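**Student:** There's a structure below that I have some questions on.
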Amino acid sequence: MTVTGGTLVLAAPAGAPARRPARAHGPYRRLFALPGTRAFTVGNLIARLPIGMFGISAVMMIAGQRGSYALAGAVAATGLAATAFVAPWTARLVDRHGQARIALPATLIAVLGSLALVVCVRTGAPAWTLFASYAATATTPNIGGMSRARWTRLLRDSPASHHTAMSFEQAADELCYMLGPVLAAFLCTTVFPEAGTLAGAALLLTGMVVFVCCRSTEPPVTKAPRRGSPLRALGPLLLLFLAMGLVFGSMEVTSIAHLAAHGLGAASGPVLALQAAGSCAAGLLYGTLRPRSLRGCVCAMAVLMALPWAAAATGSLAALAGALLLAGMATAPTMVTAMARVHDLTPEGRLNEGMTLAVTAILAGIAAGSATAGLTVDHLGTETAYVLPAMAGLLALLASVTGRSIRRPGDRSRVVPTADGQDRQ
């Protein structure tokens with residue numbers, strides 16, 4: 001240590017090893033170094049896993065006990081329709097009164113609906129009771145939306161970290177949709193038909209209790225007047241989410257039918273999981289990169305969604321598996337970028353409602369895509385049905401091109417569309 005003028009200089013002793021510069025932590029490690037993030041993420045993942053379990057569990061339970069896939073499918077479709085109607089209202093209550101005050105009671109209602117469905121199926125109750133019970137599960141809160149809202153509050157001054165968090169959330173979605181059906185099918189076939197629904201209800205309630213108990217990261221309820229409608233603000237963006245749902249629904253049904261026609265049957269699960277696995281991996285990777293434009297992501301997705309159609313025409317299951325993997329890798333970046341647009345455009349204090357509207361549009365697209373793919377498979381065959389995801393990808397591209405609410409990636413300031421189609425800040 002020496003003093004030169006007014007400067008204190010610290011020098012390492014002679015012969016002492018030079019200290020290595022500290023390595024910068026990775027983006028995900030920095031993300032979960034924030035206080036409280038690990039705790040609410042654990043609850044989020046536990047509560048999110050059943051979302052991929054309930055549908056297939058209900059179908060397998062009802063079909064196994066009542067011997068009717070038509071009844072099982074109708075009950076599942078009723079639950080989906082009820083969710084599309086109820087979920088935005090639940091999200092609006094969450095925004096208005098807080099996550100803890102609304103999410104837990106809404107979850108309790110959904111869990112009671114699941115338990116009532118088990119009882120009605122087990123006791124041979126009239127068919128209408130199955131519809132009523134499963135419709136009650138529509139109050140299940142949008143746990144993914146609430147988790148994203150927490151990240152948005154914590155990372156409001158760090159767009160790069162916010163992008164990483166949104167990528168993680170999308171990867172978590174894909175992981176749960178990949179593992180949920182596998183777990184549900186395993187429980188329903190190896191334990192007893194009601195096991196999938198019961199396990200899903202227990203996981204949902206447990207995860208939600210853990211999530212809402214993490215009060216330090218919960219977004220505060222704003223007292224400011226709520227101006228603007230999320231439905232009006234999102235506008236053409238909901239058409240994009242609808243098209244994304246068409247991609248998901250038509251691809252799943254077509255792939256199930258195609259693989260069954262080639263004799264895979266129950267072994268088709270791992271092949272179908274490749275699409276979700278590709279999306280999960282791409283989502284995690286995308287979180288470490290600079291955000292791309294929404295139009296660029298949708299364009300890449302539209303191109304890759306044609307690959308399964310081309311692979312199915314070859315008759316090679318290996319080619320189809322690779323095509324599904326590549327097609328899945330295009331969906332996560334598109335979803336992450338589109339959800340970031342939802343964050344930007346939703347009026348202040350109504351973020352949960354805005355994100356739930358996006359999810360509702362996806363669910364509507366899945367329902368329409370599944371029904372259309374089923375009809376196409378029956379009348380024109382599975383190879384022709386693979387045209388539907390490719391066409392849905394083009395529809396998504398059209399929606400992104402014609403939509404006038406455009407922002408640059410990472411720009412958190414509101415953009416006003418002008419008459420010439422150019423955005424002004």
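By convention in this document, the chains of the structure tokens carry letters A, B, ... by their order, each chain's residues are numbered from 1, and ligands are numbered from 1 in the order they are shown.
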I'd like the contact shell of Leu320 of chain A - 10 Å cut-off, only C-alpha atoms, skipping same-chain residues fewer than 6 positions apart - returned as a list in words.
**Tutor:**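 Everything that qualifies: Ser255, His258, Leu259, Val271, Leu272, Leu307, Pro308, Trp309, Ala310, Ala311, Ala312, Ala313, Thr314 and Leu326 of chain A.
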**Student:** Now that the selection is made, can you save its residues with all heavy atoms as a compact mmCIF listing (two decimals), in the first residue's frame?
**Tutor:**
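Final output, saved to out_7.txt:
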```txt
# COMPACT_ATOMS: atom_id res chain seq x y z
N SER A 255 -51.60 -35.37 -35.56
CA SER A 255 -50.47 -36.24 -35.23
C SER A 255 -50.93 -37.51 -34.52
O SER A 255 -50.43 -38.60 -34.80
CB SER A 255 -49.46 -35.48 -34.36
OG SER A 255 -48.91 -34.39 -35.06
N HIS A 258 -52.45 -39.70 -37.19
CA HIS A 258 -51.43 -40.19 -38.14
C HIS A 258 -50.60 -41.30 -37.51
O HIS A 258 -50.34 -42.34 -38.15
CB HIS A 258 -50.54 -39.03 -38.57
CG HIS A 258 -49.55 -39.39 -39.63
ND1 HIS A 258 -49.91 -39.52 -40.96
CD2 HIS A 258 -48.23 -39.67 -39.57
CE1 HIS A 258 -48.84 -39.85 -41.67
NE2 HIS A 258 -47.81 -39.95 -40.84
N LEU A 259 -50.18 -41.10 -36.27
CA LEU A 259 -49.36 -42.11 -35.60
C LEU A 259 -50.17 -43.36 -35.31
O LEU A 259 -49.65 -44.49 -35.41
CB LEU A 259 -48.78 -41.53 -34.31
CG LEU A 259 -47.78 -40.39 -34.50
CD1 LEU A 259 -47.43 -39.75 -33.16
CD2 LEU A 259 -46.53 -40.88 -35.20
N VAL A 271 -43.40 -39.46 -29.29
CA VAL A 271 -43.27 -38.72 -30.53
C VAL A 271 -44.01 -37.39 -30.43
O VAL A 271 -43.49 -36.33 -30.82
CB VAL A 271 -43.80 -39.54 -31.72
CG1 VAL A 271 -43.71 -38.75 -33.01
CG2 VAL A 271 -43.04 -40.84 -31.85
N LEU A 272 -45.21 -37.42 -29.86
CA LEU A 272 -45.99 -36.19 -29.70
C LEU A 272 -45.29 -35.22 -28.74
O LEU A 272 -45.39 -34.00 -28.90
CB LEU A 272 -47.39 -36.52 -29.17
CG LEU A 272 -48.30 -37.30 -30.12
CD1 LEU A 272 -49.59 -37.67 -29.41
CD2 LEU A 272 -48.59 -36.50 -31.37
N LEU A 307 -43.24 -28.23 -42.24
CA LEU A 307 -42.37 -29.39 -42.22
C LEU A 307 -43.11 -30.70 -41.90
O LEU A 307 -42.87 -31.71 -42.55
CB LEU A 307 -41.22 -29.17 -41.22
CG LEU A 307 -40.21 -28.08 -41.59
CD1 LEU A 307 -39.12 -28.01 -40.52
CD2 LEU A 307 -39.60 -28.35 -42.95
N PRO A 308 -44.01 -30.75 -40.88
CA PRO A 308 -44.73 -32.00 -40.64
C PRO A 308 -45.55 -32.46 -41.84
O PRO A 308 -45.68 -33.67 -42.09
CB PRO A 308 -45.62 -31.66 -39.43
CG PRO A 308 -44.90 -30.56 -38.73
CD PRO A 308 -44.28 -29.75 -39.83
N TRP A 309 -46.13 -31.53 -42.55
CA TRP A 309 -46.89 -31.87 -43.77
C TRP A 309 -45.97 -32.55 -44.78
O TRP A 309 -46.30 -33.61 -45.35
CB TRP A 309 -47.49 -30.59 -44.35
CG TRP A 309 -48.27 -30.76 -45.62
CD1 TRP A 309 -48.90 -31.90 -46.06
CD2 TRP A 309 -48.52 -29.77 -46.60
NE1 TRP A 309 -49.53 -31.68 -47.25
CE2 TRP A 309 -49.31 -30.38 -47.61
CE3 TRP A 309 -48.18 -28.42 -46.72
CZ2 TRP A 309 -49.75 -29.68 -48.74
CZ3 TRP A 309 -48.61 -27.72 -47.84
CH2 TRP A 309 -49.38 -28.35 -48.84
N ALA A 310 -44.79 -31.98 -45.01
CA ALA A 310 -43.84 -32.59 -45.95
C ALA A 310 -43.34 -33.93 -45.43
O ALA A 310 -43.19 -34.89 -46.21
CB ALA A 310 -42.67 -31.63 -46.18
N ALA A 311 -43.09 -34.03 -44.11
CA ALA A 311 -42.59 -35.28 -43.55
C ALA A 311 -43.64 -36.38 -43.62
O ALA A 311 -43.32 -37.55 -43.88
CB ALA A 311 -42.15 -35.05 -42.11
N ALA A 312 -44.90 -36.03 -43.38
CA ALA A 312 -45.97 -37.04 -43.43
C ALA A 312 -46.11 -37.60 -44.83
O ALA A 312 -46.44 -38.80 -45.01
CB ALA A 312 -47.28 -36.42 -42.97
N ALA A 313 -45.86 -36.78 -45.84
CA ALA A 313 -45.97 -37.25 -47.22
C ALA A 313 -44.92 -38.31 -47.56
O ALA A 313 -45.13 -39.13 -48.45
CB ALA A 313 -45.85 -36.08 -48.18
N THR A 314 -43.79 -38.31 -46.82
CA THR A 314 -42.74 -39.30 -47.09
C THR A 314 -43.06 -40.66 -46.47
O THR A 314 -42.45 -41.66 -46.85
CB THR A 314 -41.40 -38.82 -46.53
OG1 THR A 314 -41.45 -38.77 -45.09
CG2 THR A 314 -41.06 -37.44 -47.07
N LEU A 326 -38.67 -29.66 -34.77
CA LEU A 326 -38.32 -28.36 -35.34
C LEU A 326 -39.51 -27.40 -35.32
O LEU A 326 -39.36 -26.20 -35.04
CB LEU A 326 -37.82 -28.54 -36.78
CG LEU A 326 -36.46 -29.23 -36.93
CD1 LEU A 326 -36.16 -29.48 -38.40
CD2 LEU A 326 -35.36 -28.40 -36.29
```
**Student:** Nearest to Thr189 of chain A among A:Ser147, A:Ser293, A:Ser57, A:Thr337, with distances taken over only C-alpha atoms: which residue is it?
**Tutor:**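 Residue with the minimum atom-to-atom distance to Thr189 of chain A: A:Ser57.
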**Student:** DSSP on the backbone: what in segment 153-392 of chain A comes out alpha helix (DSSP H), as a ChimeraX atom specification?
**Tutor:** /A:153-154,159-190,195-213,230-234,236-261,269-286,294-304,307-314,317-345,351-380,382-385,387-392
**Student:** Just checking: using only C-alpha atoms, which residue out of A:Thr402, A:Thr356, A:Thr331, A:Thr190 ends up closest to Pro389 of chain A?
**Tutor:**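 Result for the nearest residue to Pro389 of chain A: A:Thr331.
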**Student:** Could you give me, as a PyMOL selection string, the residues within 7 Å of Gly283 of chain A, counting only C-alpha atoms and dropping anything in the same chain fewer than 4 positions from it?
**Tutor:** chain A and resi 167-168+170-171+279+287+332-333
**Student:** Keeping only all heavy atoms, write the selected residues as a tab-separated table (two decimals), in the first residue's frame.
**Tutor:**
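Wrote it out as part-v4.tsv, contents follow:
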```tsv
chain	number	residue	atom	x	y	z
A	167	SER	N	-39.39	-15.85	-21.09
A	167	SER	CA	-38.96	-17.06	-21.79
A	167	SER	C	-39.01	-18.27	-20.86
A	167	SER	O	-39.42	-19.36	-21.26
A	167	SER	CB	-37.53	-16.87	-22.33
A	167	SER	OG	-37.47	-15.81	-23.26
A	168	PHE	N	-38.61	-18.06	-19.60
A	168	PHE	CA	-38.70	-19.15	-18.63
A	168	PHE	C	-40.15	-19.58	-18.42
A	168	PHE	O	-40.45	-20.78	-18.35
A	168	PHE	CB	-38.09	-18.72	-17.29
A	168	PHE	CG	-38.36	-19.68	-16.18
A	168	PHE	CD1	-37.61	-20.83	-16.05
A	168	PHE	CD2	-39.39	-19.46	-15.27
A	168	PHE	CE1	-37.86	-21.75	-15.03
A	168	PHE	CE2	-39.65	-20.36	-14.25
A	168	PHE	CZ	-38.89	-21.50	-14.13
A	170	GLN	N	-42.63	-19.38	-20.51
A	170	GLN	CA	-43.12	-20.12	-21.66
A	170	GLN	C	-42.55	-21.54	-21.67
A	170	GLN	O	-43.25	-22.50	-21.99
A	170	GLN	CB	-42.74	-19.39	-22.95
A	170	GLN	CG	-43.31	-20.03	-24.22
A	170	GLN	CD	-44.82	-20.09	-24.20
A	170	GLN	OE1	-45.47	-19.18	-23.70
A	170	GLN	NE2	-45.40	-21.16	-24.72
A	171	ALA	N	-41.28	-21.68	-21.31
A	171	ALA	CA	-40.69	-23.01	-21.22
A	171	ALA	C	-41.39	-23.85	-20.16
A	171	ALA	O	-41.61	-25.06	-20.33
A	171	ALA	CB	-39.20	-22.90	-20.92
A	279	SER	N	-40.18	-26.88	-28.10
A	279	SER	CA	-40.61	-25.55	-27.69
A	279	SER	C	-40.00	-25.17	-26.34
A	279	SER	O	-39.60	-24.02	-26.13
A	279	SER	CB	-42.14	-25.50	-27.62
A	279	SER	OG	-42.59	-24.20	-27.32
A	287	GLY	N	-34.45	-17.07	-24.06
A	287	GLY	CA	-34.30	-16.18	-22.92
A	287	GLY	C	-32.91	-15.65	-22.73
A	287	GLY	O	-32.70	-14.66	-22.03
A	332	ALA	N	-42.25	-21.35	-29.15
A	332	ALA	CA	-41.91	-20.65	-27.91
A	332	ALA	C	-41.45	-19.21	-28.15
A	332	ALA	O	-41.96	-18.29	-27.49
A	332	ALA	CB	-40.86	-21.43	-27.12
A	333	PRO	N	-40.50	-18.96	-29.08
A	333	PRO	CA	-40.14	-17.54	-29.31
A	333	PRO	C	-41.32	-16.69	-29.74
A	333	PRO	O	-41.43	-15.52	-29.34
A	333	PRO	CB	-39.09	-17.64	-30.44
A	333	PRO	CG	-38.50	-19.00	-30.28
A	333	PRO	CD	-39.63	-19.87	-29.84
```
